[in-house]
$ cat entry_23.pdb   # PDB, C-alpha atoms and all ligand atoms
MODEL        1
ATOM      1  CA  MET A 154       2.383 -16.075   6.741
ATOM      2  CA  HIS A 155       2.659 -13.570   9.570
ATOM      3  CA  SER A 156      -0.607 -11.843  10.422
ATOM      4  CA  GLY A 157       0.811  -9.175  12.788
ATOM      5  CA  PRO A 158       1.198  -6.367  10.253
ATOM      6  CA  LEU A 159      -2.133  -7.185   8.631
ATOM      7  CA  PHE A 160      -3.891  -7.112  11.957
ATOM      8  CA  ALA A 161      -2.255  -3.781  12.755
ATOM      9  CA  THR A 162      -3.469  -2.412   9.425
ATOM     10  CA  ILE A 163      -7.007  -3.533  10.116
ATOM     11  CA  GLN A 164      -6.921  -2.088  13.617
ATOM     12  CA  ARG A 165      -6.213   1.314  12.175
ATOM     13  CA  TYR A 166      -9.767   1.289  10.910
ATOM     14  CA  LEU A 167     -11.659  -0.946  13.268
ATOM     15  CA  HIS A 168     -11.529  -0.199  16.971
ATOM     16  CA  HIS A 169     -13.407  -3.193  18.197
ATOM     17  CA  GLU A 170     -11.186  -6.164  18.479
ATOM     18  CA  ASP A 171     -13.958  -8.581  17.477
ATOM     19  CA  ASP A 172     -14.522  -6.658  14.270
ATOM     20  CA  ALA A 173     -10.805  -6.587  13.588
ATOM     21  CA  TRP A 174     -10.548 -10.354  14.002
ATOM     22  CA  ASP A 175     -13.547 -10.838  11.705
ATOM     23  CA  ALA A 176     -11.919  -8.651   9.086
ATOM     24  CA  LEU A 177      -8.628 -10.527   9.429
ATOM     25  CA  GLN A 178     -10.398 -13.805   8.909
ATOM     26  CA  GLU A 179     -12.200 -12.332   5.910
ATOM     27  CA  THR A 180      -8.816 -11.183   4.567
ATOM     28  CA  PHE A 181      -7.436 -14.696   4.634
ATOM     29  CA  LEU A 182     -10.579 -16.139   3.091
ATOM     30  CA  SER A 183     -10.541 -13.549   0.304
ATOM     31  CA  ALA A 184      -6.846 -14.079  -0.290
ATOM     32  CA  PHE A 185      -7.347 -17.813  -0.448
ATOM     33  CA  ARG A 186     -10.175 -17.452  -2.963
ATOM     34  CA  ALA A 187      -8.291 -14.934  -5.084
ATOM     35  CA  ILE A 188      -4.784 -16.337  -4.960
ATOM     36  CA  GLY A 189      -5.118 -17.519  -8.546
ATOM     37  CA  ARG A 190      -5.494 -13.884  -9.586
ATOM     38  CA  PHE A 191      -2.378 -12.746  -7.752
ATOM     39  CA  ASP A 192      -0.287 -11.642 -10.714
ATOM     40  CA  GLY A 193       3.021 -10.941  -9.024
ATOM     41  CA  ARG A 194       3.065  -7.296 -10.100
ATOM     42  CA  SER A 195       3.091  -6.304  -6.435
ATOM     43  CA  THR A 196       4.659  -8.182  -3.586
ATOM     44  CA  LEU A 197       2.510 -10.662  -1.737
ATOM     45  CA  ALA A 198       2.649  -8.423   1.339
ATOM     46  CA  THR A 199       1.315  -5.444  -0.617
ATOM     47  CA  TRP A 200      -1.393  -7.557  -2.157
ATOM     48  CA  LEU A 201      -2.485  -8.862   1.247
ATOM     49  CA  HIS A 202      -2.369  -5.377   2.708
ATOM     50  CA  ARG A 203      -4.824  -4.212   0.071
ATOM     51  CA  ILE A 204      -7.147  -7.084   0.752
ATOM     52  CA  ALA A 205      -6.970  -6.330   4.465
ATOM     53  CA  VAL A 206      -7.814  -2.650   3.965
ATOM     54  CA  ASN A 207     -10.710  -3.643   1.807
ATOM     55  CA  ALA A 208     -11.946  -6.136   4.386
ATOM     56  CA  ALA A 209     -11.791  -3.419   7.047
ATOM     57  CA  VAL A 210     -13.672  -0.951   4.856
ATOM     58  CA  MET A 211     -16.342  -3.529   4.060
ATOM     59  CA  LYS A 212     -16.695  -4.491   7.709
ATOM     60  CA  TRP A 213     -17.262  -0.862   8.542
ATOM     61  CA  ARG A 214     -19.937  -0.675   5.904
ATOM     62  CA  SER A 215     -21.712  -3.658   7.392
ATOM     63  CA  ARG A 216     -21.749  -2.027  10.827
ATOM     64  CA  ARG A 217     -23.744   0.907   9.549
ATOM     65  CA  ARG A 218     -24.963   2.985  12.415
ATOM     66  CA  THR A 219     -28.042   5.129  12.450
ATOM     67  CA  SER A 220     -26.207   8.303  13.422
ATOM     68  CA  ILE A 221     -24.183   8.697  10.236
ATOM     69  CA  ARG A 222     -24.294  12.319   9.231
ATOM     70  CA  SER A 223     -25.362  13.572   5.846
ATOM     71  CA  ILE A 224     -22.504  14.920   3.748
ATOM     72  CA  ASP A 225     -24.529  18.008   2.842
ATOM     73  CA  ASP A 226     -24.656  19.062   6.470
ATOM     74  CA  LEU A 227     -20.878  18.903   6.600
ATOM     75  CA  LEU A 228     -20.126  20.966   3.508
ATOM     76  CA  PRO A 229     -19.855  24.740   3.560
ATOM     77  CA  SER A 230     -23.055  26.587   2.744
ATOM     78  CA  TYR A 231     -23.140  29.735   0.672
ATOM     79  CA  TYR A 232     -25.167  32.839  -0.004
ATOM     80  CA  ASP A 233     -26.481  33.337  -3.520
ATOM     81  CA  ASP A 234     -23.544  35.586  -4.339
ATOM     82  CA  GLY A 235     -21.098  32.755  -3.546
ATOM     83  CA  HIS A 236     -19.908  34.024  -0.167
ATOM     84  CA  ARG A 237     -19.608  31.429   2.539
ATOM     85  CA  ARG A 238     -22.171  31.538   5.316
ATOM     86  CA  ASP A 239     -20.743  31.722   8.810
ATOM     87  CA  PRO A 240     -17.077  31.598   7.817
ATOM     88  CA  GLY A 241     -15.988  31.738  11.445
ATOM     89  CA  PRO A 242     -12.540  32.621  12.723
ATOM     90  CA  ALA A 243      -9.250  31.268  11.435
ATOM     91  CA  TRP A 244      -8.001  28.053  12.943
ATOM     92  CA  GLY A 245      -5.534  28.600  15.711
ATOM     93  CA  SER A 246      -2.597  26.343  16.244
ATOM     94  CA  LEU A 247      -3.377  22.794  17.248
ATOM     95  CA  PRO A 248      -4.817  22.926  20.750
ATOM     96  CA  LEU A 249      -2.149  20.629  22.159
ATOM     97  CA  ASP A 250      -2.157  22.504  25.420
ATOM     98  CA  ARG A 251      -5.775  21.503  25.880
ATOM     99  CA  ILE A 252      -5.940  18.174  24.096
ATOM    100  CA  GLU A 253      -3.523  15.297  24.492
ATOM    101  CA  VAL A 254      -1.968  13.936  21.332
ATOM    102  CA  ALA A 255      -3.710  10.607  21.841
ATOM    103  CA  GLU A 256      -7.045  12.362  22.291
ATOM    104  CA  MET A 257      -6.477  14.347  19.135
ATOM    105  CA  ARG A 258      -5.784  11.198  17.203
ATOM    106  CA  GLU A 259      -8.912   9.616  18.598
ATOM    107  CA  LEU A 260     -10.915  12.714  17.705
ATOM    108  CA  VAL A 261      -9.786  12.589  14.080
ATOM    109  CA  ARG A 262     -10.480   8.891  13.951
ATOM    110  CA  GLN A 263     -13.999   9.416  15.268
ATOM    111  CA  CYS A 264     -14.665  12.181  12.783
ATOM    112  CA  ILE A 265     -13.609   9.883   9.950
ATOM    113  CA  ALA A 266     -15.855   7.188  11.396
ATOM    114  CA  GLU A 267     -18.815   9.552  11.183
ATOM    115  CA  LEU A 268     -18.414  10.218   7.489
ATOM    116  CA  PRO A 269     -20.920   8.569   5.188
ATOM    117  CA  ASP A 270     -19.581   5.242   3.877
ATOM    118  CA  ILE A 271     -18.862   6.351   0.337
ATOM    119  CA  HIS A 272     -16.861   9.325   1.550
ATOM    120  CA  ARG A 273     -15.040   7.554   4.340
ATOM    121  CA  GLU A 274     -13.805   4.754   2.113
ATOM    122  CA  ILE A 275     -12.447   7.190  -0.467
ATOM    123  CA  LEU A 276     -10.674   9.222   2.214
ATOM    124  CA  ILE A 277      -9.106   6.050   3.579
ATOM    125  CA  LEU A 278      -8.060   4.658   0.220
ATOM    126  CA  ARG A 279      -6.800   7.934  -1.287
ATOM    127  CA  ASP A 280      -5.399   9.947   1.610
ATOM    128  CA  ILE A 281      -4.373   7.305   4.085
ATOM    129  CA  GLU A 282      -3.580   4.261   1.972
ATOM    130  CA  GLU A 283      -2.451   6.511  -0.884
ATOM    131  CA  TRP A 284      -3.973   4.523  -3.706
ATOM    132  CA  ASP A 285      -4.077   6.610  -6.857
ATOM    133  CA  THR A 286      -7.337   7.910  -8.288
ATOM    134  CA  ALA A 287      -7.473   5.396 -11.147
ATOM    135  CA  THR A 288      -6.907   2.430  -8.818
ATOM    136  CA  VAL A 289      -9.658   3.550  -6.462
ATOM    137  CA  ALA A 290     -12.013   4.173  -9.387
ATOM    138  CA  THR A 291     -11.429   0.679 -10.741
ATOM    139  CA  HIS A 292     -11.694  -0.909  -7.317
ATOM    140  CA  LEU A 293     -15.017   0.743  -6.518
ATOM    141  CA  ASP A 294     -16.240   0.645 -10.105
ATOM    142  CA  ILE A 295     -16.942   4.370 -10.302
ATOM    143  CA  GLU A 296     -15.671   7.193 -12.529
ATOM    144  CA  GLU A 297     -12.423   8.931 -11.636
ATOM    145  CA  GLY A 298     -14.394  12.166 -11.461
ATOM    146  CA  ALA A 299     -16.563  10.670  -8.740
ATOM    147  CA  VAL A 300     -13.475   9.648  -6.771
ATOM    148  CA  LYS A 301     -12.203  13.229  -6.902
ATOM    149  CA  THR A 302     -15.532  14.772  -5.974
ATOM    150  CA  ARG A 303     -16.024  12.419  -3.046
ATOM    151  CA  LEU A 304     -12.500  12.916  -1.775
ATOM    152  CA  HIS A 305     -12.866  16.689  -1.835
ATOM    153  CA  ARG A 306     -16.202  16.429  -0.014
ATOM    154  CA  ALA A 307     -14.795  13.995   2.534
ATOM    155  CA  ARG A 308     -11.934  16.374   3.284
ATOM    156  CA  GLN A 309     -14.264  19.334   3.608
ATOM    157  CA  ALA A 310     -16.521  17.342   5.908
ATOM    158  CA  LEU A 311     -13.567  16.347   8.078
ATOM    159  CA  ARG A 312     -12.594  20.003   8.222
ATOM    160  CA  THR A 313     -16.106  20.961   9.305
ATOM    161  CA  MET A 314     -16.140  18.380  12.078
ATOM    162  CA  LEU A 315     -12.754  19.500  13.386
ATOM    163  CA  ASP A 316     -13.608  23.190  13.113
ATOM    164  CA  PRO A 317     -14.985  23.642  16.643
ATOM    165  CA  TYR A 318     -11.737  22.337  18.130
ATOM    166  CA  PHE A 319      -9.488  24.628  16.174
ATOM    167  CA  ARG A 320     -11.255  27.931  16.313
ATOM    168  CA  GLU A 321      -8.928  30.425  17.856
ATOM    169  CA  GLY A 322      -9.761  31.023  21.473
ATOM    170  CA  SER A 323     -12.274  28.194  21.585
ATOM    171  CA  PRO A 324     -12.716  26.738  25.053
TER     172      PRO A 324
ATOM    173  CA  MET B 261     -14.152  33.833  -8.993
ATOM    174  CA  THR B 262     -16.454  33.565  -5.977
ATOM    175  CA  CYS B 263     -15.594  32.011  -2.610
ATOM    176  CA  ARG B 264     -17.743  29.053  -3.543
ATOM    177  CA  GLU B 265     -15.869  28.467  -6.788
ATOM    178  CA  LEU B 266     -12.550  28.839  -5.032
ATOM    179  CA  ILE B 267     -13.476  26.211  -2.464
ATOM    180  CA  ASP B 268     -14.642  23.862  -5.215
ATOM    181  CA  PHE B 269     -11.237  24.218  -6.876
ATOM    182  CA  ILE B 270      -9.084  23.721  -3.775
ATOM    183  CA  MET B 271      -8.245  20.089  -4.372
ATOM    184  CA  GLU B 272      -7.154  20.684  -7.957
ATOM    185  CA  TYR B 273      -5.184  23.702  -6.834
ATOM    186  CA  GLU B 274      -3.404  21.602  -4.219
ATOM    187  CA  ASP B 275      -2.762  18.834  -6.755
ATOM    188  CA  GLY B 276      -1.348  21.332  -9.216
ATOM    189  CA  THR B 277      -3.913  20.301 -11.817
ATOM    190  CA  LEU B 278      -5.878  23.536 -11.915
ATOM    191  CA  PRO B 279      -5.522  25.099 -15.399
ATOM    192  CA  GLU B 280      -3.289  28.171 -15.514
ATOM    193  CA  LYS B 281      -6.126  30.580 -16.199
ATOM    194  CA  GLN B 282      -8.111  29.418 -13.183
ATOM    195  CA  ARG B 283      -5.030  29.246 -11.020
ATOM    196  CA  VAL B 284      -4.418  32.942 -11.633
ATOM    197  CA  LEU B 285      -8.019  33.761 -10.697
ATOM    198  CA  PHE B 286      -7.742  31.479  -7.670
ATOM    199  CA  GLU B 287      -4.672  33.244  -6.364
ATOM    200  CA  GLU B 288      -6.087  36.636  -7.190
ATOM    201  CA  HIS B 289      -9.144  35.845  -5.092
ATOM    202  CA  LEU B 290      -6.962  34.553  -2.253
ATOM    203  CA  SER B 291      -4.975  37.756  -2.197
ATOM    204  CA  LEU B 292      -8.198  39.672  -1.578
ATOM    205  CA  CYS B 293     -10.240  37.343   0.611
ATOM    206  CA  GLU B 294      -9.228  36.517   4.132
ATOM    207  CA  ASP B 295     -12.048  34.005   4.617
ATOM    208  CA  CYS B 296     -10.745  31.899   1.773
ATOM    209  CA  VAL B 297      -7.173  32.111   3.055
ATOM    210  CA  HIS B 298      -8.425  30.753   6.368
ATOM    211  CA  TYR B 299     -10.478  28.084   4.673
ATOM    212  CA  LEU B 300      -7.556  26.872   2.594
ATOM    213  CA  ALA B 301      -5.305  26.737   5.667
ATOM    214  CA  SER B 302      -7.865  24.762   7.645
ATOM    215  CA  TYR B 303      -8.488  22.413   4.711
ATOM    216  CA  ARG B 304      -4.770  21.681   4.540
ATOM    217  CA  THR B 305      -4.614  21.022   8.253
ATOM    218  CA  ALA B 306      -7.625  18.702   8.154
ATOM    219  CA  VAL B 307      -6.086  16.730   5.287
ATOM    220  CA  GLN B 308      -2.784  16.433   7.141
ATOM    221  CA  LEU B 309      -4.502  15.275  10.299
ATOM    222  CA  GLY B 310      -6.483  12.702   8.373
ATOM    223  CA  LYS B 311      -3.323  11.455   6.700
ATOM    224  CA  SER B 312      -1.161  11.247   9.765
ATOM    225  CA  LEU B 313      -3.377  10.508  12.678
ATOM    226  CA  ILE B 314      -4.845   7.208  11.707
ATOM    227  CA  MET B 315      -2.337   5.020  13.396
ATOM    228  CA  PRO B 316      -2.528   1.526  14.780
ATOM    229  CA  SER B 317      -4.275   1.583  18.098
ATOM    230  CA  ASN B 318      -1.747  -0.628  19.830
ATOM    231  CA  GLU B 319       0.380   1.438  22.111
ATOM    232  CA  LYS B 320       3.865   0.530  20.976
ATOM    233  CA  VAL B 321       3.472   2.414  17.742
ATOM    234  CA  SER B 322       1.007   5.026  18.766
ATOM    235  CA  THR B 323       2.907   6.579  21.637
ATOM    236  CA  GLN B 324       5.980   7.326  19.580
ATOM    237  CA  VAL B 325       5.143   8.293  16.053
ATOM    238  CA  PRO B 326       2.150  10.620  16.118
ATOM    239  CA  GLU B 327       3.580  13.142  18.552
ATOM    240  CA  LYS B 328       6.434  13.857  16.180
ATOM    241  CA  LEU B 329       4.039  14.026  13.272
ATOM    242  CA  ILE B 330       1.807  16.459  15.037
ATOM    243  CA  ARG B 331       4.709  18.649  16.056
ATOM    244  CA  SER B 332       5.982  18.735  12.501
ATOM    245  CA  ILE B 333       2.560  19.597  11.142
ATOM    246  CA  LEU B 334       2.383  22.338  13.703
ATOM    247  CA  ALA B 335       5.802  23.643  12.691
ATOM    248  CA  ALA B 336       4.901  23.485   9.004
ATOM    249  CA  ARG B 337       1.684  25.355   9.631
ATOM    250  CA  GLN B 338       3.418  28.077  11.539
ATOM    251  CA  ALA B 339       6.081  28.425   8.871
ATOM    252  CA  ASP B 340       3.314  28.522   6.287
ATOM    253  CA  GLY B 341       1.412  31.132   8.204
ATOM    254  CA  THR B 342       0.689  34.257   6.255
ATOM    255  CA  SER B 343       2.027  33.566   2.765
ATOM    256  CA  LEU B 344      -0.440  30.955   1.599
ATOM    257  CA  THR B 345      -0.290  32.024  -2.007
ATOM    258  CA  GLU B 346       3.445  31.316  -2.173
TER     259      GLU B 346
HETATM  260 ZN    ZN A 401     -13.330  34.137  -0.774
ENDMDL
END

$ encode --input "entry_23.pdb" --output "structure tokens"
Amino acid sequence: MHSGPLFATIQRYLHHEDDAWDALQETFLSAFRAIGRFDGRSTLATWLHRIAVNAAVMKWRSRRRTSIRSIDDLLPSYYDDGHRRDPGPAWGSLPLDRIEVAEMRELVRQCIAELPDIHREILILRDIEEWDTATVATHLDIEEGAVKTRLHRARQALRTMLDPYFREGSP
Amino acid sequence: MTCRELIDFIMEYEDGTLPEKQRVLFEEHLSLCEDCVHYLASYRTAVQLGKSLIMPSNEKVSTQVPEKLIRSILAARQADGTSLTE
């Protein structure tokens, strides 16, 4: 079994190498324990990939920091008549003249890291890993409606965090 | 439809699962409300960035792929530009 691709998958989500190694080890342990349930409907590589993503997500959960932001602070707020408060200017084009591509990637990664756990894991599983709604719902043992609501909130929160960098004419 | 309702419906609109009746109201609102046009555009960009920018941190992969991705997102956004309602 070649761990390179699995380690790369885990590193997408965990910056610290120690954490990534822990998650890799956890992946192999989980796989070992669950191998009897591997039903052959997916390839072994796909199955391991899923276990690895899950190990990374769980590791992240266990490293809960105190500075996690509340989702409510990251959602748009509205006046009573339904208009958005402080809509701000349109987003300009990506500020690639001011921010290096690598920095931009790191910025997005950090924003995702700041999401509350339940929103971050849905964003990762749905948008990045592209699991479908039903699979995520089963995996996390929540309703499909909750998956959709959390995903929409996670995306809006990501948008809010990126907003300052994209406002036209921002420094 | 208010701005708030429109924003609540964005994901379903993007998925194509918004019922016809609401889709018409959604697009009607968009045609009249610049704030919501901007919000939708920024939502799309944020989703794209989330989808494409989480890449392995080891350099071999990361120096090559994302730049292209970002450029193509940029191009798509500029092509998209004004006619968000299609
Ligand atoms: Zn509006």

$ closest_residue --input "entry_23.pdb" --among "A:Leu278, A:Ala266, A:Leu159, A:Tyr232" --to "ligand ZN 401 (chain A)" --atoms "all atoms listed in the file"
A:Tyr232

$ residues_near_ligand --input "entry_23.pdb" --ligand "ligand ZN 401 (chain A)" --cutoff "12 Å" --atoms "only C-alpha atoms and all ligand atoms" --output "VMD selection string"
(chain A and resid 231 to 232 234 to 238 240) or (chain B and resid 261 to 270 285 to 300)

$ closest_residue --input "entry_23.pdb" --among "A:Glu274, A:Glu259, A:Glu283, A:Asp294" --to "B:Leu309" --atoms "all atoms listed in the file"
A:Glu259

$ interface_residues --input "entry_23.pdb" --of "chain A" --to "chain B" --cutoff "9 Å" --atoms "only C-alpha atoms" --output "count of residues only"
45

$ atom_distance --input "entry_23.pdb" --atom1 "atom CA of A:Ala173" --atom2 "atom CA of A:Ala290"
25.4 Å

$ atom_distance --input "entry_23.pdb" --atom1 "atom CA of A:Asp172" --atom2 "atom CA of A:Ile188"
23.6 Å

$ closest_residue --input "entry_23.pdb" --among "A:Ile295, A:Val210, A:Ala307, A:Ile275" --to "A:Asp225" --atoms "all atoms listed in the file"
A:Ala307

$ closest_residue --input "entry_23.pdb" --among "A:His169, A:Tyr318, A:Arg273, A:Lys212" --to "A:Val300" --atoms "all atoms listed in the file"
A:Arg273

$ atom_distance --input "entry_23.pdb" --atom1 "atom CA of A:Asp171" --atom2 "atom CA of A:Cys264"
21.3 Å

$ decode --input "entry_23.pdb" --residues "stretch 286-297 of chain B" --atoms "all heavy atoms" --output "compact mmCIF listing (two decimals), in the first residue's frame"
# COMPACT_ATOMS: atom_id res chain seq x y z
N PHE B 286 -36.86 35.18 -8.43
CA PHE B 286 -35.43 35.35 -8.17
C PHE B 286 -34.79 36.20 -9.28
O PHE B 286 -34.10 37.20 -9.02
CB PHE B 286 -34.79 33.96 -8.11
CG PHE B 286 -33.34 33.91 -7.69
CD1 PHE B 286 -32.99 33.52 -6.40
CD2 PHE B 286 -32.31 34.20 -8.58
CE1 PHE B 286 -31.66 33.44 -6.00
CE2 PHE B 286 -30.98 34.13 -8.20
CZ PHE B 286 -30.65 33.74 -6.90
N GLU B 287 -35.06 35.81 -10.50
CA GLU B 287 -34.43 36.52 -11.62
C GLU B 287 -35.01 37.91 -11.81
O GLU B 287 -34.31 38.84 -12.21
CB GLU B 287 -34.52 35.67 -12.89
CG GLU B 287 -33.62 34.44 -12.76
CD GLU B 287 -33.65 33.50 -13.96
OE1 GLU B 287 -34.53 33.67 -14.84
OE2 GLU B 287 -32.79 32.59 -14.00
N GLU B 288 -36.29 38.04 -11.48
CA GLU B 288 -36.92 39.35 -11.55
C GLU B 288 -36.24 40.30 -10.56
O GLU B 288 -35.90 41.42 -10.90
CB GLU B 288 -38.40 39.17 -11.18
CG GLU B 288 -39.34 40.20 -11.75
CD GLU B 288 -40.77 39.79 -11.44
OE1 GLU B 288 -41.26 40.10 -10.32
OE2 GLU B 288 -41.37 39.13 -12.29
N HIS B 289 -36.03 39.80 -9.36
CA HIS B 289 -35.36 40.61 -8.33
C HIS B 289 -33.94 40.98 -8.78
O HIS B 289 -33.52 42.13 -8.68
CB HIS B 289 -35.31 39.86 -6.99
CG HIS B 289 -34.67 40.65 -5.88
ND1 HIS B 289 -35.37 41.16 -4.82
CD2 HIS B 289 -33.36 41.01 -5.67
CE1 HIS B 289 -34.53 41.82 -4.01
NE2 HIS B 289 -33.31 41.73 -4.50
N LEU B 290 -33.23 40.00 -9.32
CA LEU B 290 -31.86 40.25 -9.79
C LEU B 290 -31.81 41.36 -10.85
O LEU B 290 -30.88 42.15 -10.88
CB LEU B 290 -31.26 38.99 -10.41
CG LEU B 290 -30.47 38.02 -9.53
CD1 LEU B 290 -29.81 36.99 -10.43
CD2 LEU B 290 -29.41 38.72 -8.69
N SER B 291 -32.82 41.36 -11.70
CA SER B 291 -32.80 42.33 -12.79
C SER B 291 -33.00 43.76 -12.26
O SER B 291 -32.74 44.73 -12.95
CB SER B 291 -33.87 41.99 -13.83
OG SER B 291 -35.15 42.20 -13.28
N LEU B 292 -33.47 43.85 -11.02
CA LEU B 292 -33.75 45.17 -10.45
C LEU B 292 -32.79 45.58 -9.35
O LEU B 292 -32.77 46.72 -8.92
CB LEU B 292 -35.17 45.20 -9.87
CG LEU B 292 -36.32 44.89 -10.83
CD1 LEU B 292 -37.61 44.66 -10.06
CD2 LEU B 292 -36.48 46.03 -11.84
N CYS B 293 -32.00 44.63 -8.85
CA CYS B 293 -31.23 44.91 -7.63
C CYS B 293 -29.74 44.64 -7.83
O CYS B 293 -29.29 43.50 -7.90
CB CYS B 293 -31.77 44.05 -6.48
SG CYS B 293 -30.86 44.30 -4.94
N GLU B 294 -29.01 45.72 -7.89
CA GLU B 294 -27.58 45.61 -8.14
C GLU B 294 -26.84 44.94 -6.98
O GLU B 294 -25.93 44.14 -7.19
CB GLU B 294 -27.01 47.02 -8.35
CG GLU B 294 -25.81 47.06 -9.24
CD GLU B 294 -25.25 48.48 -9.36
OE1 GLU B 294 -25.97 49.43 -9.00
OE2 GLU B 294 -24.09 48.60 -9.79
N ASP B 295 -27.28 45.23 -5.75
CA ASP B 295 -26.64 44.61 -4.59
C ASP B 295 -26.67 43.09 -4.68
O ASP B 295 -25.69 42.41 -4.36
CB ASP B 295 -27.35 45.02 -3.28
CG ASP B 295 -26.93 46.42 -2.85
OD1 ASP B 295 -25.94 46.95 -3.41
OD2 ASP B 295 -27.61 46.98 -1.97
N CYS B 296 -27.81 42.58 -5.08
CA CYS B 296 -27.95 41.12 -5.16
C CYS B 296 -27.13 40.54 -6.32
O CYS B 296 -26.60 39.43 -6.21
CB CYS B 296 -29.41 40.70 -5.23
SG CYS B 296 -30.23 40.83 -3.61
N VAL B 297 -27.05 41.28 -7.41
CA VAL B 297 -26.19 40.85 -8.52
C VAL B 297 -24.74 40.72 -8.02
O VAL B 297 -24.06 39.73 -8.27
CB VAL B 297 -26.25 41.84 -9.71
CG1 VAL B 297 -25.17 41.53 -10.74
CG2 VAL B 297 -27.63 41.80 -10.35
